[in-house]
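Working notes, beginning with the structure itself.
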Amino acid sequence: MSLPEIREITTLQAHILKQEQRHPGATGTLSWILSALSISAKMIAAQVRRARLEDVLGTVGQENVQGEQQQKLDVIANEILLRTLGSREGVAIVASEENEQPVILRDDRQGERRYCVLFDPLDGSSNLDVCGGVGTIFSILRHDRRSEHTEDSVLQPGRQQVAAGYVLYGSSTVLVMTVGRGVDMFVLDPAIGAFIHVASRLRIPERNAHYSVNEGNRLSFPAGYQRYLHWAQEQGYSSRYAGAMVADLHRILLKGGVFLYPPTAKAPEGKLRLMYEANPMAMLIEQAGGAAICAPGERILDRQPDDIHQRVPVIIGSAEEVARVSDCLQTEDG
Ligand code: AHG
Ligand code: MN
Ligand code: MN
């Protein structure tokens with residue numbers, strides 16, 4: 001009697017170890033960082049699931065039952081990441097949306113290879129008030145010891161990222177990441193507290209008649225974007241917008257379409273941040289076969305940063321859809 005075929009069950013931890021074994025020169029430093037990110041994701045997921053309950057279950061005003069000041073989840077998520085990453089020897093610098101300056105953890109000029117970890121601890125945090133999807137986005141760069149000022153080591157173009165990923169705290173908690181060899185997806189099994197590997201080598205569909213943009217800003221978009229939206233609507237495209245880049249791009253990664261955050265009157269450079277929003281998302285989507293540009297002919301990953309919080313317009317998604325937006329932008333003066 002032959003046994004039924006058993007599909008392998010792999011956790012994120014086991015997946016990372018397996019990858020490491022395939023590379024004999026690997027020191028394990030990156031694996032430790034990924035495992036810190038995975039622990040952070042579980043801790044943040046637990047907090048997100050309890051959003052608003054603290055306010056209700058705490059005592060008067062802003063204090064919780066322990067008499068501590070209640071904090072916004074962006075701050076809590078940031079502290080979780082700083083604390084878990086802080087204990088990893090391989091992390092030289094962390095940079096967060098929530099900290100004005102990068103935090104230098106280890107500044108030796110010699111010794112083992114270290115990394116810079118950049119993150120948006122909670123993306124789309126205003127969605128928490130309405131129980132919508134929120135996320136965490138991360139980007140990992142090699143620490144460049146040659147930088148004159150240690151903190152400048154983080155100012156590298158996105159094409160130099162060694163790993164990138166996001167966690168979506170949605171109807172389930174999903175972690176999607178790449179170390180530059182395709183895109184893997186894991187789902188948190190809350191019963192056992194482990195991320196389970198559910199897909200590898202994810203490919204974004206080449207096209208899909210869906211766009212994702214805050215159309216409330218449409219009248220202040222540059223003419224090329226307006227031309228694209230006009231064209232898409234004539235073609236019968238559908239619109240989907242969650243208000244959290246992680247949620248919107250997760251849908252686009254799986255179903256196809258294009259995500260846009262163009263320059264607006266309020267945000268002439270666009271709203272999204274290059275280093276910890278646009279770059280990691282661009283790496284993931286490119287690794288899945290899609291495209292990510294900030295202007296016609298300019299990859300997001302090639303933009304040279306000069307500030308960790310700098311903003312950039314984004315056009316990310318299925319290769320064909322991104323090309324259509326790009327065409328419309330190029331004919332702007334035509
Ligand atoms: P954050 O909550 O980290 O500040 O990011 C919110 C971002 C992004 O996730 C989302 O796509 C965009 O802001 C939404 O902006 P609008 O409300 O202007 O559409
Ligand atoms: Mn964000
Ligand atoms: Mn944020």
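Ordered as shown in the structure tokens, chains take letters A, B, and onward, while each chain numbers its residues from 1 and ligands are numbered from 1 in the order shown.
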- [ ] Apply DSSP to the backbone of this structure and, from region 55-187 of chain A, keep only the residues in strand (DSSP E or B); write these as number ranges by chain.
- [x] A: 63, 69, 91-96, 103-104, 115-123, 134-142, 163-169, 173-178, 183-187
Keeping only C-alpha atoms, write the selected residues as a PDB file, in the first residue's frame.
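Saved as selection-v3.pdb:
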ATOM      1  CA  GLU A  63      -3.024  55.293  31.429  1.00  0.00           C
ATOM      2  CA  GLN A  69       1.178  55.931  29.550  1.00  0.00           C
ATOM      3  CA  VAL A  91      22.941  44.975  13.074  1.00  0.00           C
ATOM      4  CA  ALA A  92      25.088  48.110  12.796  1.00  0.00           C
ATOM      5  CA  ILE A  93      22.389  50.732  12.238  1.00  0.00           C
ATOM      6  CA  VAL A  94      18.614  50.863  12.289  1.00  0.00           C
ATOM      7  CA  ALA A  95      16.579  53.592  10.623  1.00  0.00           C
ATOM      8  CA  SER A  96      12.851  53.962  11.142  1.00  0.00           C
ATOM      9  CA  VAL A 103      20.197  54.773  15.430  1.00  0.00           C
ATOM     10  CA  ILE A 104      23.811  53.589  15.462  1.00  0.00           C
ATOM     11  CA  TYR A 115      23.908  45.283   8.202  1.00  0.00           C
ATOM     12  CA  CYS A 116      21.650  48.335   8.264  1.00  0.00           C
ATOM     13  CA  VAL A 117      17.956  47.623   8.787  1.00  0.00           C
ATOM     14  CA  LEU A 118      15.409  50.228   7.726  1.00  0.00           C
ATOM     15  CA  PHE A 119      11.711  49.958   8.462  1.00  0.00           C
ATOM     16  CA  ASP A 120       8.257  51.443   8.517  1.00  0.00           C
ATOM     17  CA  PRO A 121       7.030  49.843  11.775  1.00  0.00           C
ATOM     18  CA  LEU A 122       3.338  50.336  11.026  1.00  0.00           C
ATOM     19  CA  ASP A 123       2.235  51.226   7.539  1.00  0.00           C
ATOM     20  CA  VAL A 134      -1.911  47.553   8.260  1.00  0.00           C
ATOM     21  CA  GLY A 135       1.656  46.387   7.735  1.00  0.00           C
ATOM     22  CA  THR A 136       5.348  46.513   8.561  1.00  0.00           C
ATOM     23  CA  ILE A 137       7.902  47.097   5.789  1.00  0.00           C
ATOM     24  CA  PHE A 138      11.640  46.359   6.041  1.00  0.00           C
ATOM     25  CA  SER A 139      14.768  46.835   3.960  1.00  0.00           C
ATOM     26  CA  ILE A 140      18.232  45.408   4.678  1.00  0.00           C
ATOM     27  CA  LEU A 141      21.463  46.911   3.356  1.00  0.00           C
ATOM     28  CA  ARG A 142      25.070  45.999   3.973  1.00  0.00           C
ATOM     29  CA  ALA A 163      16.788  41.604   1.525  1.00  0.00           C
ATOM     30  CA  ALA A 164      13.398  43.268   1.719  1.00  0.00           C
ATOM     31  CA  GLY A 165       9.930  42.339   2.844  1.00  0.00           C
ATOM     32  CA  TYR A 166       6.666  43.239   4.469  1.00  0.00           C
ATOM     33  CA  VAL A 167       4.201  41.833   6.939  1.00  0.00           C
ATOM     34  CA  LEU A 168       0.508  42.385   6.319  1.00  0.00           C
ATOM     35  CA  TYR A 169      -1.698  42.233   9.405  1.00  0.00           C
ATOM     36  CA  THR A 173      -0.880  37.736   9.089  1.00  0.00           C
ATOM     37  CA  VAL A 174       1.276  37.280   6.012  1.00  0.00           C
ATOM     38  CA  LEU A 175       5.036  37.770   5.675  1.00  0.00           C
ATOM     39  CA  VAL A 176       6.425  38.257   2.161  1.00  0.00           C
ATOM     40  CA  MET A 177      10.168  38.562   1.622  1.00  0.00           C
ATOM     41  CA  THR A 178      13.060  38.281  -0.770  1.00  0.00           C
ATOM     42  CA  VAL A 183       9.807  36.051  -3.461  1.00  0.00           C
ATOM     43  CA  ASP A 184       8.554  33.781  -0.669  1.00  0.00           C
ATOM     44  CA  MET A 185       5.319  34.013   1.280  1.00  0.00           C
ATOM     45  CA  PHE A 186       4.572  32.792   4.810  1.00  0.00           C
ATOM     46  CA  VAL A 187       1.341  32.831   6.818  1.00  0.00           C
TER      47      VAL A 187
END
Task: Nearby polymer residues, ligand 1, at most 7 Å, only C-alpha atoms and all ligand atoms, as an MDAnalysis selection string - done: chainID A and resid 120 122:126 214 243:246 271:272
Open item on the list: Set the distance at 7 Å and use only C-alpha atoms: which residues neighbour region 12-15 of chain A once local chain neighbours fewer than 4 positions away are removed? I'd like the list as a PyMOL selection string.
Closed with: chain A and resi 19+35+186+195-197
Would you output that residue set with N, CA, C and O atoms, as a PDB file, in the first residue's frame?
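The result, written out as again_14.pdb:
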ATOM      1  N   GLN A  19      18.113  27.815   3.517  1.00  0.00           N
ATOM      2  CA  GLN A  19      18.759  28.720   2.569  1.00  0.00           C
ATOM      3  C   GLN A  19      20.222  28.926   2.941  1.00  0.00           C
ATOM      4  O   GLN A  19      21.097  28.959   2.086  1.00  0.00           O
ATOM      5  N   SER A  35      15.309  36.462  11.617  1.00  0.00           N
ATOM      6  CA  SER A  35      14.554  35.846  12.709  1.00  0.00           C
ATOM      7  C   SER A  35      14.087  36.921  13.695  1.00  0.00           C
ATOM      8  O   SER A  35      12.989  36.832  14.248  1.00  0.00           O
ATOM      9  N   PHE A 186       4.813  33.578   3.601  1.00  0.00           N
ATOM     10  CA  PHE A 186       4.572  32.792   4.810  1.00  0.00           C
ATOM     11  C   PHE A 186       3.300  33.312   5.476  1.00  0.00           C
ATOM     12  O   PHE A 186       3.026  34.514   5.428  1.00  0.00           O
ATOM     13  N   PHE A 195       5.354  31.146  11.503  1.00  0.00           N
ATOM     14  CA  PHE A 195       5.071  31.475  10.104  1.00  0.00           C
ATOM     15  C   PHE A 195       5.306  30.217   9.267  1.00  0.00           C
ATOM     16  O   PHE A 195       6.383  29.624   9.308  1.00  0.00           O
ATOM     17  N   ILE A 196       4.312  29.824   8.494  1.00  0.00           N
ATOM     18  CA  ILE A 196       4.421  28.628   7.658  1.00  0.00           C
ATOM     19  C   ILE A 196       4.605  29.052   6.195  1.00  0.00           C
ATOM     20  O   ILE A 196       3.894  29.941   5.700  1.00  0.00           O
ATOM     21  N   HIS A 197       5.559  28.404   5.543  1.00  0.00           N
ATOM     22  CA  HIS A 197       5.866  28.714   4.145  1.00  0.00           C
ATOM     23  C   HIS A 197       4.702  28.264   3.258  1.00  0.00           C
ATOM     24  O   HIS A 197       4.353  27.080   3.259  1.00  0.00           O
TER      25      HIS A 197
END
TODO: For Ala278 (chain A), please output as a PyMOL selection string all residues within 10 Å (counting only C-alpha atoms; exclusion window: fewer than 5 positions along the same chain).
DONE: chain A and resi 137+139+158+245+272-273+283+292-294+300-301+311-316
Open item on the list: Which residues are near Pro296 (chain A)? Cut-off 7 Å, only C-alpha atoms, ignore same chain within fewer than 2 positions. Put them as a list in words.
Closed with: Ile293, Glu298, Ser326, Leu329 and Gln330 of chain A
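Using only C-alpha atoms, the protein and nucleic acid residues lying no more than 10 Å from Ala51 (chain A), apart from those fewer than 2 places from it along its own chain, are A:Ala45, A:Ala46, A:Gln47, A:Val48, A:Arg49, A:Leu53, A:Glu54, A:Asp55, A:Val56, A:Lys72, A:Leu73, A:Leu128, A:Asp129, A:Cys131.
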Keeping N, CA and C atoms for every residue in the selection just given, could you write it to a file as a tab-separated table (two decimals), in the first residue's frame?
chain	number	residue	atom	x	y	z
A	45	ALA	N	1.79	41.70	15.49
A	45	ALA	CA	0.49	41.09	15.13
A	45	ALA	C	-0.38	40.95	16.39
A	46	ALA	N	0.24	40.51	17.48
A	46	ALA	CA	-0.53	40.32	18.72
A	46	ALA	C	-1.09	41.66	19.21
A	47	GLN	N	-0.28	42.71	19.09
A	47	GLN	CA	-0.73	44.05	19.52
A	47	GLN	C	-1.85	44.56	18.60
A	48	VAL	N	-1.67	44.35	17.30
A	48	VAL	CA	-2.66	44.83	16.34
A	48	VAL	C	-4.01	44.16	16.59
A	49	ARG	N	-3.98	42.87	16.90
A	49	ARG	CA	-5.23	42.13	17.17
A	49	ARG	C	-5.96	42.71	18.37
A	53	LEU	N	-8.53	47.74	22.33
A	53	LEU	CA	-8.92	47.10	23.59
A	53	LEU	C	-8.19	47.72	24.77
A	54	GLU	N	-6.91	48.07	24.53
A	54	GLU	CA	-6.12	48.70	25.60
A	54	GLU	C	-6.81	49.97	26.09
A	55	ASP	N	-7.35	50.75	25.13
A	55	ASP	CA	-8.01	52.01	25.51
A	55	ASP	C	-9.22	51.72	26.39
A	56	VAL	N	-9.93	50.63	26.05
A	56	VAL	CA	-11.16	50.32	26.77
A	56	VAL	C	-10.85	49.66	28.11
A	72	LYS	N	0.67	55.00	21.14
A	72	LYS	CA	0.09	54.65	19.85
A	72	LYS	C	0.82	53.41	19.31
A	73	LEU	N	0.11	52.65	18.51
A	73	LEU	CA	0.72	51.40	18.02
A	73	LEU	C	1.95	51.62	17.13
A	128	LEU	N	-6.07	51.38	11.49
A	128	LEU	CA	-6.36	50.66	12.74
A	128	LEU	C	-7.67	51.10	13.37
A	129	ASP	N	-7.99	52.40	13.21
A	129	ASP	CA	-9.22	52.93	13.80
A	129	ASP	C	-10.46	52.27	13.21
A	131	CYS	N	-10.30	49.05	11.73
A	131	CYS	CA	-10.07	47.61	11.60
A	131	CYS	C	-9.65	47.22	10.18
Give me, as a PDB file with all heavy atoms, in the first residue's frame, all polymer residues having an atom no more than 8 Å from Gly132 (chain A), counting only C-alpha atoms and skipping those fewer than 5 positions away in the same chain.
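The resulting file, out-v8.pdb, is reproduced below:
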ATOM      1  N   ASN A 127      -5.576  53.086   9.427  1.00  0.00           N
ATOM      2  CA  ASN A 127      -6.547  52.010   9.185  1.00  0.00           C
ATOM      3  C   ASN A 127      -6.932  51.265  10.458  1.00  0.00           C
ATOM      4  O   ASN A 127      -7.953  50.586  10.496  1.00  0.00           O
ATOM      5  CB  ASN A 127      -5.965  50.977   8.201  1.00  0.00           C
ATOM      6  CG  ASN A 127      -6.236  51.346   6.760  1.00  0.00           C
ATOM      7  OD1 ASN A 127      -6.793  52.394   6.485  1.00  0.00           O
ATOM      8  ND2 ASN A 127      -5.849  50.477   5.850  1.00  0.00           N
ATOM      9  N   GLY A 170      -3.607  41.449   8.180  1.00  0.00           N
ATOM     10  CA  GLY A 170      -4.931  41.533   7.575  1.00  0.00           C
ATOM     11  C   GLY A 170      -5.828  40.476   8.189  1.00  0.00           C
ATOM     12  O   GLY A 170      -5.699  40.163   9.374  1.00  0.00           O
ATOM     13  N   ALA A 242      -6.803  50.658  -0.455  1.00  0.00           N
ATOM     14  CA  ALA A 242      -6.969  50.331   0.968  1.00  0.00           C
ATOM     15  C   ALA A 242      -6.479  51.460   1.868  1.00  0.00           C
ATOM     16  O   ALA A 242      -6.844  51.521   3.035  1.00  0.00           O
ATOM     17  CB  ALA A 242      -6.202  49.053   1.287  1.00  0.00           C
TER      18      ALA A 242
END
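Interatomic distance, CA of Ser238 (chain A) against CA of Gly133 (chain A): 19.8 Å.
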Open item on the list: Could you pull out the helix (DSSP H, G or I) residues of region 50-177 of chain A, going by DSSP on the backbone, and write them as a PyMOL selection string?
Closed with: chain A and resi 53-57+73-86+125-130+150-154+158-160
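For the atom pair formed by CA of Arg227 (chain A) and CA of Met275 (chain A), the distance is 28.6 Å, given to one decimal.
For the set A:Ala247, A:Leu219, A:Ala265, A:Val325, the residue with the smallest atom-to-atom gap to ligand 2 is A:Ala247, counting only C-alpha atoms and all ligand atoms.
Taking CA of Tyr237 (chain A) as the reference point, CA of Glu321 (chain A) is found at 11.1 Å.
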Open item on the list: Considering only C-alpha atoms, can you say which of A:Ile9, A:Leu253, A:Leu3, A:Leu82 comes closest to Val198 (chain A)?
Closed with: A:Ile9
